[in-house]
Amino acid sequence: MINKTNFFLVIGIILALVGLFVWAIRSVLDSWSIAPLALGVILILIYVFMNFNMLVAKLSGRSAKAGFNSAVMVIITLAIICFLQVLLTRHSARFDMTRSGKYTLADQTIQVLKNLKQPVTITYLWNPELFGDRQKAEDLFKEFRHYSDKVEYRFVDPVKDPVEVDRFAIGDTVTLNSSFVECGAKREKVTGVDEGAFTNALIKVTREQSKKVYFLTKHGEKASDDTTTRGGIGFLKRALEQEAYETADLELTGLTEVPTDCTLLVIAGPQTSLFENEVAAIEDYLRYGGSLLLFQDPRRESGLEALLRDSYGVWIQDDIILDNDPLSAVFGQTQLVLTIGAASYGSHETTKGIERVMTVYSQVRSLQKDPNPPKGVRVTELVKSSNDSFGETEVDRLFNEKMAANDPAKDHQGPLTMAVAVDWDAEARISDATQEESAKEPDVSREKKPQGRMIVFGDSDCASNQFFQTNKDFLLNCVNWLSQEEDLISIRPKEEMGQPIFMNALQQRIIFWVPVVILPLLVLLVGVMVYMTRRARG
(Lines give C-alpha, C1' and ligand atoms only; values in the text may rest on other atoms or scores of the structure.)
Protein backbone atom coordinates (compact mmCIF):
# COMPACT_ATOMS: atom_id res chain seq x y z
CA MET A 1 0.00 0.00 0.00
CA ILE A 2 1.38 3.36 -1.03
CA ASN A 3 1.80 5.88 1.78
CA LYS A 4 0.15 9.10 0.62
CA THR A 5 2.30 11.14 3.01
CA ASN A 6 5.40 10.29 0.96
CA PHE A 7 4.44 13.30 -1.16
CA PHE A 8 5.47 15.61 1.69
CA LEU A 9 8.83 13.85 2.03
CA VAL A 10 9.67 13.92 -1.68
CA ILE A 11 8.62 17.54 -2.22
CA GLY A 12 10.32 18.58 1.03
CA ILE A 13 13.65 17.01 0.01
CA ILE A 14 13.43 18.60 -3.46
CA LEU A 15 12.74 22.07 -2.03
CA ALA A 16 15.53 21.73 0.55
CA LEU A 17 18.00 20.72 -2.18
CA VAL A 18 16.85 23.65 -4.35
CA GLY A 19 17.42 26.05 -1.45
CA LEU A 20 20.91 24.66 -0.81
CA PHE A 21 21.73 24.83 -4.52
CA VAL A 22 20.63 28.49 -4.78
CA TRP A 23 22.65 29.29 -1.67
CA ALA A 24 25.75 27.65 -3.18
CA ILE A 25 25.36 29.49 -6.50
CA ARG A 26 24.61 32.97 -5.13
CA SER A 27 26.95 32.65 -2.11
CA VAL A 28 24.36 34.65 -0.15
CA LEU A 29 21.73 33.32 2.26
CA ASP A 30 18.81 35.50 1.11
CA SER A 31 15.09 35.05 0.48
CA TRP A 32 15.74 33.13 -2.75
CA SER A 33 17.50 30.37 -0.84
CA ILE A 34 15.84 30.64 2.59
CA ALA A 35 12.26 30.30 1.27
CA PRO A 36 12.58 26.91 -0.49
CA LEU A 37 14.94 25.62 2.22
CA ALA A 38 12.52 26.53 5.05
CA LEU A 39 9.48 25.18 3.17
CA GLY A 40 11.32 21.94 2.44
CA VAL A 41 12.27 21.47 6.10
CA ILE A 42 8.63 22.12 7.15
CA LEU A 43 7.31 19.48 4.72
CA ILE A 44 9.88 16.94 5.97
CA LEU A 45 8.85 17.63 9.59
CA ILE A 46 5.17 17.17 8.62
CA TYR A 47 6.02 13.78 7.14
CA VAL A 48 7.92 12.79 10.30
CA PHE A 49 5.00 13.89 12.52
CA MET A 50 2.42 11.98 10.46
CA ASN A 51 4.53 8.80 10.40
CA PHE A 52 6.16 8.99 13.81
CA ASN A 53 5.16 5.53 15.07
CA MET A 54 6.18 3.83 11.84
CA LEU A 55 9.56 5.56 11.83
CA VAL A 56 10.20 4.61 15.47
CA ALA A 57 9.40 0.98 14.70
CA LYS A 58 11.72 0.92 11.70
CA LEU A 59 14.52 2.62 13.58
CA SER A 60 14.43 -0.01 16.32
CA GLY A 61 15.04 -2.92 13.93
CA ARG A 62 18.32 -4.66 13.03
CA SER A 63 18.52 -2.98 9.61
CA ALA A 64 18.07 0.42 11.24
CA LYS A 65 20.98 -0.25 13.58
CA ALA A 66 23.15 -1.27 10.63
CA GLY A 67 22.08 1.86 8.78
CA PHE A 68 22.84 3.95 11.86
CA ASN A 69 26.35 2.50 12.03
CA SER A 70 26.84 3.28 8.33
CA ALA A 71 25.61 6.81 8.90
CA VAL A 72 28.07 7.27 11.79
CA MET A 73 30.93 6.06 9.58
CA VAL A 74 29.88 8.47 6.83
CA ILE A 75 29.77 11.34 9.34
CA ILE A 76 33.23 10.45 10.68
CA THR A 77 34.60 10.27 7.13
CA LEU A 78 33.09 13.67 6.30
CA ALA A 79 34.54 15.12 9.50
CA ILE A 80 38.01 13.87 8.56
CA ILE A 81 37.64 15.35 5.07
CA CYS A 82 36.51 18.70 6.52
CA PHE A 83 39.46 18.69 8.95
CA LEU A 84 41.90 18.01 6.12
CA GLN A 85 40.28 20.77 4.06
CA VAL A 86 40.71 23.28 6.89
CA LEU A 87 44.31 22.14 7.38
CA LEU A 88 45.11 22.49 3.69
CA THR A 89 43.43 25.91 3.58
CA ARG A 90 45.66 27.22 6.36
CA HIS A 91 48.81 25.44 5.19
CA SER A 92 48.40 25.21 1.45
CA ALA A 93 50.96 24.08 -1.11
CA ARG A 94 50.88 25.05 -4.77
CA PHE A 95 52.53 23.40 -7.73
CA ASP A 96 53.12 25.11 -11.07
CA MET A 97 53.72 22.49 -13.76
CA THR A 98 54.26 24.97 -16.63
CA ARG A 99 57.77 25.13 -18.10
CA SER A 100 58.09 28.91 -17.71
CA GLY A 101 56.53 29.02 -14.23
CA LYS A 102 53.67 31.10 -15.58
CA TYR A 103 51.58 30.69 -12.45
CA THR A 104 54.43 31.16 -9.97
CA LEU A 105 55.43 34.56 -8.63
CA ALA A 106 59.04 35.60 -9.12
CA ASP A 107 61.46 35.45 -6.19
CA GLN A 108 61.61 39.22 -5.97
CA THR A 109 57.82 39.58 -5.85
CA ILE A 110 57.55 37.01 -3.06
CA GLN A 111 60.35 38.71 -1.14
CA VAL A 112 58.72 42.14 -1.45
CA LEU A 113 55.35 40.76 -0.33
CA LYS A 114 56.79 38.96 2.70
CA ASN A 115 58.62 42.12 3.78
CA LEU A 116 55.55 44.38 3.68
CA LYS A 117 55.14 46.16 7.00
CA GLN A 118 52.26 48.47 6.10
CA PRO A 119 48.86 47.72 4.52
CA VAL A 120 48.74 48.09 0.74
CA THR A 121 45.54 48.50 -1.28
CA ILE A 122 45.27 47.68 -4.98
CA THR A 123 42.30 49.19 -6.83
CA TYR A 124 41.65 47.79 -10.30
CA LEU A 125 39.51 49.82 -12.72
CA TRP A 126 38.21 47.10 -14.98
CA ASN A 127 36.57 47.22 -18.37
CA PRO A 128 33.38 45.09 -18.36
CA GLU A 129 34.01 44.27 -22.02
CA LEU A 130 37.34 42.59 -21.21
CA PHE A 131 36.42 40.06 -18.53
CA GLY A 132 39.51 37.98 -19.30
CA ASP A 133 41.84 40.73 -18.06
CA ARG A 134 39.81 41.07 -14.87
CA GLN A 135 40.13 37.34 -14.22
CA LYS A 136 43.85 37.50 -14.91
CA ALA A 137 44.22 40.39 -12.46
CA GLU A 138 42.19 38.58 -9.79
CA ASP A 139 44.36 35.47 -10.14
CA LEU A 140 47.48 37.62 -9.68
CA PHE A 141 46.06 39.44 -6.66
CA LYS A 142 45.10 36.13 -5.04
CA GLU A 143 48.73 35.08 -5.38
CA PHE A 144 49.74 38.34 -3.66
CA ARG A 145 47.33 37.60 -0.80
CA HIS A 146 48.74 34.10 -0.48
CA TYR A 147 52.12 35.54 0.53
CA SER A 148 51.01 38.61 2.49
CA ASP A 149 47.89 39.52 4.46
CA LYS A 150 48.97 43.16 4.16
CA VAL A 151 47.62 43.27 0.59
CA GLU A 152 43.98 44.13 -0.04
CA TYR A 153 42.48 44.40 -3.50
CA ARG A 154 39.19 45.49 -4.98
CA PHE A 155 37.61 45.92 -8.39
CA VAL A 156 35.80 49.09 -9.40
CA ASP A 157 33.35 49.16 -12.31
CA PRO A 158 33.59 52.67 -13.84
CA VAL A 159 29.99 52.42 -15.03
CA LYS A 160 28.49 51.46 -11.67
CA ASP A 161 30.78 53.54 -9.46
CA PRO A 162 31.84 56.72 -11.31
CA VAL A 163 32.37 58.60 -8.03
CA GLU A 164 35.13 56.21 -6.98
CA VAL A 165 36.73 56.55 -10.42
CA ASP A 166 36.79 60.34 -10.06
CA ARG A 167 38.94 59.92 -6.94
CA PHE A 168 41.72 58.51 -9.09
CA ALA A 169 41.24 61.09 -11.83
CA ILE A 170 42.68 63.87 -9.66
CA GLY A 171 46.02 64.73 -11.26
CA ASP A 172 46.02 61.54 -13.29
CA THR A 173 44.49 60.18 -16.44
CA VAL A 174 42.19 57.29 -15.74
CA THR A 175 42.29 54.42 -18.19
CA LEU A 176 40.34 51.20 -17.97
CA ASN A 177 42.20 48.02 -17.07
CA SER A 178 44.62 50.05 -14.95
CA SER A 179 45.37 49.70 -11.26
CA PHE A 180 46.38 52.02 -8.44
CA VAL A 181 48.66 50.71 -5.71
CA GLU A 182 48.35 52.73 -2.49
CA CYS A 183 50.22 52.71 0.79
CA GLY A 184 49.53 55.61 3.10
CA ALA A 185 49.76 58.81 1.08
CA LYS A 186 51.78 57.23 -1.73
CA ARG A 187 50.14 56.01 -4.92
CA GLU A 188 51.47 54.36 -8.09
CA LYS A 189 49.58 53.65 -11.31
CA VAL A 190 50.00 50.33 -13.11
CA THR A 191 48.69 49.88 -16.64
CA GLY A 192 47.66 46.38 -17.66
CA VAL A 193 48.24 43.20 -15.69
CA ASP A 194 51.97 42.68 -15.37
CA GLU A 195 53.61 41.14 -12.30
CA GLY A 196 56.84 43.09 -12.75
CA ALA A 197 54.99 46.41 -12.91
CA PHE A 198 53.06 45.61 -9.73
CA THR A 199 56.27 44.56 -7.97
CA ASN A 200 57.95 47.86 -8.86
CA ALA A 201 54.86 49.76 -7.70
CA LEU A 202 54.91 47.92 -4.35
CA ILE A 203 58.58 48.85 -3.92
CA LYS A 204 57.92 52.51 -4.69
CA VAL A 205 54.96 52.99 -2.35
CA THR A 206 56.56 51.13 0.57
CA ARG A 207 60.11 52.50 0.40
CA GLU A 208 60.54 54.84 3.34
CA GLN A 209 63.06 57.16 1.71
CA SER A 210 64.29 57.73 -1.81
CA LYS A 211 67.82 56.67 -2.69
CA LYS A 212 69.82 58.47 -5.34
CA VAL A 213 72.21 56.96 -7.87
CA TYR A 214 74.70 59.23 -9.65
CA PHE A 215 76.36 58.36 -12.98
CA LEU A 216 79.79 59.97 -13.39
CA THR A 217 80.29 61.86 -16.68
CA LYS A 218 82.88 63.80 -18.70
CA HIS A 219 85.39 60.95 -19.07
CA GLY A 220 83.86 59.10 -22.02
CA GLU A 221 81.65 56.92 -19.82
CA LYS A 222 78.69 55.10 -21.30
CA ALA A 223 75.74 57.48 -21.54
CA SER A 224 73.02 56.88 -18.96
CA ASP A 225 70.35 58.50 -21.16
CA ASP A 226 71.15 56.38 -24.24
CA THR A 227 68.50 53.75 -24.87
CA THR A 228 68.87 53.63 -28.66
CA THR A 229 72.36 52.22 -29.18
CA ARG A 230 73.94 48.98 -28.02
CA GLY A 231 76.72 50.83 -26.17
CA GLY A 232 74.56 53.00 -23.89
CA ILE A 233 73.39 52.11 -20.39
CA GLY A 234 69.96 53.70 -20.62
CA PHE A 235 68.28 50.35 -19.94
CA LEU A 236 70.13 50.08 -16.63
CA LYS A 237 69.11 53.60 -15.62
CA ARG A 238 65.48 52.95 -16.57
CA ALA A 239 65.43 49.70 -14.55
CA LEU A 240 66.77 51.53 -11.50
CA GLU A 241 64.05 54.16 -11.79
CA GLN A 242 61.44 51.41 -11.99
CA GLU A 243 62.77 50.10 -8.67
CA ALA A 244 62.21 53.54 -7.08
CA TYR A 245 65.78 54.86 -7.31
CA GLU A 246 66.36 58.48 -8.23
CA THR A 247 69.03 58.89 -10.90
CA ALA A 248 71.15 61.79 -12.11
CA ASP A 249 74.38 62.47 -13.98
CA LEU A 250 77.29 63.86 -11.98
CA GLU A 251 80.10 66.08 -13.26
CA LEU A 252 82.69 65.92 -10.51
CA THR A 253 85.43 67.93 -12.22
CA GLY A 254 84.53 71.21 -10.51
CA LEU A 255 83.59 69.75 -7.12
CA THR A 256 85.60 68.93 -4.05
CA GLU A 257 83.28 66.20 -2.75
CA VAL A 258 80.62 63.77 -3.86
CA PRO A 259 77.09 65.11 -3.13
CA THR A 260 75.86 64.17 0.34
CA ASP A 261 72.63 62.65 -1.04
CA CYS A 262 74.57 60.13 -3.15
CA THR A 263 73.59 56.58 -2.23
CA LEU A 264 75.62 55.02 -5.03
CA LEU A 265 78.18 56.36 -7.50
CA VAL A 266 78.34 54.53 -10.85
CA ILE A 267 81.40 54.87 -13.10
CA ALA A 268 80.63 53.03 -16.35
CA GLY A 269 83.68 52.53 -18.56
CA PRO A 270 85.70 55.76 -18.36
CA GLN A 271 87.89 56.24 -21.43
CA THR A 272 90.21 58.78 -19.78
CA SER A 273 91.60 59.03 -16.26
CA LEU A 274 89.80 60.97 -13.58
CA PHE A 275 91.42 64.19 -12.36
CA GLU A 276 93.24 64.29 -9.04
CA ASN A 277 90.50 66.29 -7.31
CA GLU A 278 87.92 63.73 -8.48
CA VAL A 279 89.96 60.81 -7.17
CA ALA A 280 90.40 62.64 -3.87
CA ALA A 281 86.64 63.31 -3.65
CA ILE A 282 85.84 59.66 -4.34
CA GLU A 283 88.47 58.51 -1.83
CA ASP A 284 86.89 60.73 0.82
CA TYR A 285 83.40 59.53 -0.15
CA LEU A 286 84.39 55.87 0.25
CA ARG A 287 86.26 56.44 3.49
CA TYR A 288 83.06 57.57 5.19
CA GLY A 289 80.83 54.74 3.98
CA GLY A 290 80.09 55.51 0.35
CA SER A 291 79.21 52.94 -2.31
CA LEU A 292 80.87 52.61 -5.72
CA LEU A 293 79.98 50.55 -8.80
CA LEU A 294 82.95 50.63 -11.18
CA PHE A 295 83.06 49.15 -14.69
CA GLN A 296 86.63 49.38 -16.00
CA ASP A 297 87.46 48.30 -19.55
CA PRO A 298 90.75 46.81 -20.83
CA ARG A 299 93.39 49.20 -22.17
CA ARG A 300 91.82 52.08 -20.20
CA GLU A 301 93.00 53.67 -16.96
CA SER A 302 90.45 55.25 -14.62
CA GLY A 303 92.93 56.79 -12.21
CA LEU A 304 91.46 54.73 -9.37
CA GLU A 305 93.83 51.77 -9.73
CA ALA A 306 96.21 52.83 -6.94
CA LEU A 307 93.32 53.59 -4.57
CA LEU A 308 91.75 50.19 -5.18
CA ARG A 309 95.06 48.37 -4.79
CA ASP A 310 96.38 50.10 -1.69
CA SER A 311 93.16 50.76 0.27
CA TYR A 312 90.78 47.98 -0.80
CA GLY A 313 92.89 45.00 -1.92
CA VAL A 314 91.72 44.88 -5.55
CA TRP A 315 94.32 44.57 -8.29
CA ILE A 316 93.19 45.41 -11.82
CA GLN A 317 95.20 43.32 -14.28
CA ASP A 318 96.48 44.63 -17.61
CA ASP A 319 95.11 41.81 -19.77
CA ILE A 320 92.01 40.62 -21.61
CA ILE A 321 90.34 37.28 -20.99
CA LEU A 322 90.01 34.82 -23.88
CA ASP A 323 88.00 31.65 -23.63
CA ASN A 324 87.46 28.55 -25.72
CA ASP A 325 84.46 27.50 -23.65
CA PRO A 326 81.83 25.94 -26.02
CA LEU A 327 79.19 27.98 -24.23
CA SER A 328 80.60 31.09 -25.87
CA ALA A 329 80.03 29.68 -29.34
CA VAL A 330 76.43 30.86 -28.96
CA PHE A 331 77.73 34.31 -29.86
CA GLY A 332 79.16 33.18 -33.19
CA GLN A 333 82.84 33.25 -32.24
CA THR A 334 84.93 30.15 -32.61
CA GLN A 335 88.57 31.19 -32.26
CA LEU A 336 89.32 34.41 -30.42
CA VAL A 337 86.30 34.40 -28.09
CA LEU A 338 86.04 37.88 -26.61
CA THR A 339 82.44 37.52 -25.42
CA ILE A 340 82.31 34.91 -22.68
CA GLY A 341 79.82 33.58 -20.19
CA ALA A 342 80.36 33.27 -16.46
CA ALA A 343 81.52 29.78 -15.51
CA SER A 344 81.02 30.08 -11.75
CA TYR A 345 79.94 32.52 -9.07
CA GLY A 346 81.23 33.25 -5.60
CA SER A 347 79.17 32.93 -2.45
CA HIS A 348 77.72 36.38 -1.91
CA GLU A 349 74.35 38.09 -1.42
CA THR A 350 74.46 39.48 -4.97
CA THR A 351 74.70 36.01 -6.50
CA LYS A 352 71.64 34.52 -4.79
CA GLY A 353 69.73 32.62 -7.47
CA ILE A 354 72.15 33.79 -10.16
CA GLU A 355 73.95 30.45 -10.24
CA ARG A 356 71.19 29.15 -12.53
CA VAL A 357 71.43 32.19 -14.82
CA MET A 358 74.14 32.88 -17.41
CA THR A 359 75.70 36.35 -17.35
CA VAL A 360 77.76 37.62 -20.29
CA TYR A 361 80.91 39.75 -20.55
CA SER A 362 82.61 41.18 -23.61
CA GLN A 363 86.28 42.20 -23.77
CA VAL A 364 86.80 41.83 -20.03
CA ARG A 365 90.02 42.25 -18.07
CA SER A 366 90.77 40.13 -15.04
CA LEU A 367 90.85 41.24 -11.42
CA GLN A 368 92.89 39.81 -8.58
CA LYS A 369 92.11 39.71 -4.90
CA ASP A 370 94.90 40.77 -2.57
CA PRO A 371 95.67 37.71 -0.41
CA ASN A 372 96.35 40.10 2.50
CA PRO A 373 93.84 42.97 2.13
CA PRO A 374 94.02 46.00 4.44
CA LYS A 375 92.60 45.60 7.93
CA GLY A 376 88.81 45.70 8.06
CA VAL A 377 88.46 45.16 4.29
CA ARG A 378 86.68 42.06 2.95
CA VAL A 379 87.01 41.10 -0.72
CA THR A 380 84.77 38.50 -2.39
CA GLU A 381 85.31 37.17 -5.90
CA LEU A 382 81.89 37.26 -7.59
CA VAL A 383 82.34 35.97 -11.16
CA LYS A 384 84.92 33.63 -12.64
CA SER A 385 85.73 32.47 -16.16
CA SER A 386 86.16 28.82 -17.12
CA ASN A 387 89.23 26.66 -16.51
CA ASP A 388 90.00 26.86 -20.26
CA SER A 389 90.28 30.64 -20.24
CA PHE A 390 93.45 32.68 -20.01
CA GLY A 391 94.36 36.35 -19.66
CA GLU A 392 96.23 37.57 -22.75
CA THR A 393 98.79 40.12 -21.58
CA GLU A 394 99.81 41.24 -25.08
CA VAL A 395 96.57 43.16 -25.50
CA ASP A 396 97.78 45.54 -28.23
CA ARG A 397 99.03 42.61 -30.34
CA LEU A 398 95.67 40.93 -29.92
CA PHE A 399 93.74 43.88 -31.32
CA ASN A 400 96.26 44.98 -33.93
CA GLU A 401 97.22 41.60 -35.37
CA LYS A 402 94.12 39.61 -34.37
CA MET A 403 96.41 36.97 -32.93
CA ALA A 404 96.67 35.39 -29.52
CA ALA A 405 98.31 32.34 -27.98
CA ASN A 406 98.24 31.09 -24.44
CA ASP A 407 101.77 31.48 -23.08
CA PRO A 408 101.80 30.10 -19.50
CA ALA A 409 104.99 32.00 -18.82
CA LYS A 410 103.36 35.39 -19.46
CA ASP A 411 99.59 34.99 -19.58
CA HIS A 412 97.29 34.58 -16.59
CA GLN A 413 95.75 31.12 -16.39
CA GLY A 414 92.07 30.44 -15.77
CA PRO A 415 89.80 30.46 -13.99
CA LEU A 416 90.06 34.24 -13.77
CA THR A 417 88.02 36.71 -11.74
CA MET A 418 85.86 39.15 -13.70
CA ALA A 419 84.06 40.93 -10.83
CA VAL A 420 84.69 41.44 -7.11
CA ALA A 421 82.70 42.82 -4.20
CA VAL A 422 84.37 44.73 -1.37
CA ASP A 423 82.98 45.90 1.94
CA TRP A 424 84.76 47.57 4.83
CA ASP A 425 84.22 49.26 8.16
CA ALA A 426 84.08 52.93 7.26
CA GLU A 427 84.85 55.94 9.39
CA ALA A 428 82.03 57.96 10.90
CA ARG A 429 81.87 61.66 10.10
CA ILE A 430 82.09 63.59 13.36
CA SER A 431 80.93 67.18 13.27
CA ASP A 432 81.84 69.83 15.83
CA ALA A 433 78.46 69.36 17.53
CA THR A 434 79.01 65.64 17.72
CA GLN A 435 82.45 66.11 19.22
CA GLU A 436 80.96 68.32 21.93
CA GLU A 437 78.32 65.72 22.68
CA SER A 438 80.98 63.00 22.74
CA ALA A 439 82.93 64.93 25.32
CA LYS A 440 79.84 65.16 27.54
CA GLU A 441 78.52 61.65 26.81
CA PRO A 442 81.30 59.16 26.00
CA ASP A 443 78.81 56.55 24.75
CA VAL A 444 77.84 58.76 21.79
CA SER A 445 81.14 58.01 20.04
CA ARG A 446 80.49 54.27 20.32
CA GLU A 447 77.72 54.23 17.73
CA LYS A 448 77.89 51.54 15.09
CA LYS A 449 80.30 52.51 12.34
CA PRO A 450 78.95 52.84 8.78
CA GLN A 451 79.87 50.26 6.18
CA GLY A 452 81.35 51.09 2.81
CA ARG A 453 80.71 48.91 -0.22
CA MET A 454 82.14 48.55 -3.70
CA ILE A 455 81.75 46.27 -6.71
CA VAL A 456 84.30 46.33 -9.54
CA PHE A 457 83.80 44.76 -12.99
CA GLY A 458 86.61 44.31 -15.49
CA ASP A 459 84.19 45.21 -18.29
CA SER A 460 81.58 47.88 -18.98
CA ASP A 461 79.81 46.14 -21.88
CA CYS A 462 78.11 43.79 -19.42
CA ALA A 463 76.00 46.77 -18.27
CA SER A 464 75.31 48.07 -21.79
CA ASN A 465 71.96 47.91 -23.56
CA GLN A 466 73.30 45.07 -25.70
CA PHE A 467 73.68 42.65 -22.77
CA PHE A 468 71.44 44.22 -20.15
CA GLN A 469 68.50 41.82 -20.48
CA THR A 470 70.86 38.88 -20.01
CA ASN A 471 72.65 40.43 -17.02
CA LYS A 472 69.69 42.35 -15.57
CA ASP A 473 69.12 40.35 -12.40
CA PHE A 474 72.78 40.28 -11.43
CA LEU A 475 73.35 43.98 -12.14
CA LEU A 476 70.29 45.07 -10.16
CA ASN A 477 71.25 42.75 -7.32
CA CYS A 478 74.62 44.49 -7.25
CA VAL A 479 72.94 47.89 -7.05
CA ASN A 480 70.58 46.74 -4.29
CA TRP A 481 73.45 45.32 -2.25
CA LEU A 482 75.51 48.48 -2.70
CA SER A 483 72.48 50.55 -1.63
CA GLN A 484 71.96 48.26 1.37
CA GLU A 485 68.59 47.13 0.02
CA GLU A 486 69.28 43.43 0.55
CA ASP A 487 65.55 42.64 0.74
CA LEU A 488 65.30 43.35 -3.00
CA ILE A 489 68.06 40.93 -4.02
CA SER A 490 66.38 38.16 -6.02
CA ILE A 491 65.32 36.95 -9.45
CA ARG A 492 62.86 39.37 -11.02
CA PRO A 493 59.62 38.62 -12.86
CA LYS A 494 60.05 37.43 -16.43
CA GLU A 495 57.92 38.41 -19.36
CA GLU A 496 55.21 35.94 -20.20
CA MET A 497 56.05 33.58 -23.01
CA GLY A 498 53.67 31.46 -25.01
CA GLN A 499 54.00 27.70 -25.03
CA PRO A 500 53.04 26.60 -28.54
CA ILE A 501 52.57 22.90 -29.27
CA PHE A 502 54.14 21.67 -32.48
CA MET A 503 52.88 18.38 -33.95
CA ASN A 504 53.85 16.49 -37.06
CA ALA A 505 51.32 15.03 -39.50
CA LEU A 506 51.16 11.64 -37.75
CA GLN A 507 50.53 13.20 -34.35
CA GLN A 508 47.80 15.40 -35.79
CA ARG A 509 46.02 12.38 -37.29
CA ILE A 510 46.24 10.51 -33.96
CA ILE A 511 44.80 13.51 -32.09
CA PHE A 512 41.86 13.58 -34.53
CA TRP A 513 41.04 9.84 -34.93
CA VAL A 514 41.40 8.64 -31.33
CA PRO A 515 38.95 10.99 -29.53
CA VAL A 516 36.68 11.81 -32.46
CA VAL A 517 36.26 8.41 -34.15
CA ILE A 518 37.82 5.45 -32.30
CA LEU A 519 36.57 6.09 -28.75
CA PRO A 520 32.92 6.73 -29.79
CA LEU A 521 33.01 3.54 -31.90
CA LEU A 522 34.31 1.56 -28.94
CA VAL A 523 31.47 2.83 -26.76
CA LEU A 524 28.96 1.93 -29.46
CA LEU A 525 30.52 -1.53 -29.86
CA VAL A 526 30.34 -2.24 -26.13
CA GLY A 527 26.71 -1.18 -26.07
CA VAL A 528 25.82 -3.50 -28.97
CA MET A 529 27.63 -6.39 -27.31
CA VAL A 530 25.79 -5.88 -24.03
CA TYR A 531 22.45 -5.69 -25.85
CA MET A 532 23.12 -8.87 -27.83
CA THR A 533 24.27 -10.75 -24.70
CA ARG A 534 21.14 -9.86 -22.76
CA ARG A 535 18.93 -10.76 -25.69
CA ALA A 536 20.65 -14.17 -26.09
CA ARG A 537 19.97 -14.94 -22.41
CA GLY A 538 16.28 -14.41 -23.04
# chains A, B, ... in the order shown; residues from 1 in each chain; ligands from 1

$ residues_around --residues "Leu202 of chain A" --least-positions-apart "3" --cutoff "10 Å" --atoms "only C-alpha atoms" --output "MDAnalysis selection string"
chainID A and resid 109 112:113 116 120:122 151 181:183 187:188 196:199 205:207 243:244

$ residues_around --residues "Pro374 of chain A" --least-positions-apart "3" --cutoff "7 Å" --atoms "only C-alpha atoms" --output "VMD selection string"
chain A and resid 311 to 313 377

$ residues_around --residues "segment 424-426 of chain A" --least-positions-apart "3" --cutoff "10 Å" --atoms "only C-alpha atoms" --output "PyMOL selection string"
chain A and resi 285-290+312+374-379+429+448-454

$ closest_atom_pairs --of "segment 454-491 of chain A" --to "segment 382-385 of chain A" --cutoff "12 Å" --atoms "only C-alpha atoms" --output "Markdown table"
| residue | atom | partner | partner_atom | distance |
| --- | --- | --- | --- | --- |
| A:Met454 | CA | A:Leu382 | CA | 11.9 |
| A:Ile455 | CA | A:Leu382 | CA | 9.0 |
| A:Val456 | CA | A:Leu382 | CA | 9.6 |
| A:Phe457 | CA | A:Val383 | CA | 9.1 |
| A:Gly458 | CA | A:Val383 | CA | 10.3 |
| A:Asp459 | CA | A:Val383 | CA | 11.8 |
| A:Phe474 | CA | A:Leu382 | CA | 10.3 |
| A:Leu475 | CA | A:Leu382 | CA | 11.8 |
| A:Asn477 | CA | A:Leu382 | CA | 12.0 |
| A:Cys478 | CA | A:Leu382 | CA | 10.3 |

$ residues_around --residues "Ile320 of chain A" --least-positions-apart "6" --cutoff "9 Å" --atoms "only C-alpha atoms" --output "ChimeraX atom specification"
/A:298-299,338,363-366,390-395,458

$ select_by_dssp --residues "segment 40-280 of chain A" --states "helix (DSSP H, G or I)" --output "number ranges by chain"
A: 40-50, 52-59, 62-90, 107-114, 131-147, 162-169, 195-206, 234-242, 276-280

$ residues_around --residues "Leu236 of chain A" --least-positions-apart "5" --cutoff "9 Å" --atoms "only C-alpha atoms" --output "list of chain:residue names"
A:Ser224, A:Glu241, A:Ala463, A:Ser464, A:Asn465, A:Phe468, A:Lys472, A:Leu475, A:Leu476

$ write_last_selection --atoms "N, CA, C and O atoms" --output "PDB file, in the first residue's frame"
ATOM      1  N   SER A 224      74.137  57.425 -19.724  1.00  0.00           N
ATOM      2  CA  SER A 224      73.017  56.879 -18.960  1.00  0.00           C
ATOM      3  C   SER A 224      71.670  57.187 -19.589  1.00  0.00           C
ATOM      4  O   SER A 224      70.663  56.559 -19.241  1.00  0.00           O
ATOM      5  N   GLU A 241      65.174  53.263 -12.061  1.00  0.00           N
ATOM      6  CA  GLU A 241      64.048  54.159 -11.793  1.00  0.00           C
ATOM      7  C   GLU A 241      62.772  53.371 -11.545  1.00  0.00           C
ATOM      8  O   GLU A 241      61.933  53.775 -10.730  1.00  0.00           O
ATOM      9  N   ALA A 463      77.097  45.917 -18.728  1.00  0.00           N
ATOM     10  CA  ALA A 463      76.000  46.773 -18.271  1.00  0.00           C
ATOM     11  C   ALA A 463      75.337  47.521 -19.423  1.00  0.00           C
ATOM     12  O   ALA A 463      74.376  48.264 -19.196  1.00  0.00           O
ATOM     13  N   SER A 464      75.837  47.333 -20.639  1.00  0.00           N
ATOM     14  CA  SER A 464      75.313  48.070 -21.790  1.00  0.00           C
ATOM     15  C   SER A 464      73.951  47.537 -22.219  1.00  0.00           C
ATOM     16  O   SER A 464      73.523  46.458 -21.815  1.00  0.00           O
ATOM     17  N   ASN A 465      73.271  48.310 -23.050  1.00  0.00           N
ATOM     18  CA  ASN A 465      71.964  47.907 -23.558  1.00  0.00           C
ATOM     19  C   ASN A 465      72.029  46.566 -24.276  1.00  0.00           C
ATOM     20  O   ASN A 465      71.071  45.788 -24.260  1.00  0.00           O
ATOM     21  N   PHE A 468      72.120  43.936 -21.410  1.00  0.00           N
ATOM     22  CA  PHE A 468      71.439  44.221 -20.154  1.00  0.00           C
ATOM     23  C   PHE A 468      70.371  43.183 -19.804  1.00  0.00           C
ATOM     24  O   PHE A 468      70.266  42.752 -18.659  1.00  0.00           O
ATOM     25  N   LYS A 472      70.544  41.449 -16.357  1.00  0.00           N
ATOM     26  CA  LYS A 472      69.687  42.351 -15.568  1.00  0.00           C
ATOM     27  C   LYS A 472      69.623  41.980 -14.096  1.00  0.00           C
ATOM     28  O   LYS A 472      69.866  42.816 -13.220  1.00  0.00           O
ATOM     29  N   LEU A 475      72.993  42.573 -12.257  1.00  0.00           N
ATOM     30  CA  LEU A 475      73.347  43.981 -12.136  1.00  0.00           C
ATOM     31  C   LEU A 475      72.478  44.684 -11.094  1.00  0.00           C
ATOM     32  O   LEU A 475      72.979  45.456 -10.260  1.00  0.00           O
ATOM     33  N   LEU A 476      71.173  44.422 -11.124  1.00  0.00           N
ATOM     34  CA  LEU A 476      70.288  45.069 -10.163  1.00  0.00           C
ATOM     35  C   LEU A 476      70.520  44.541  -8.759  1.00  0.00           C
ATOM     36  O   LEU A 476      70.379  45.279  -7.771  1.00  0.00           O
TER      37      LEU A 476
END
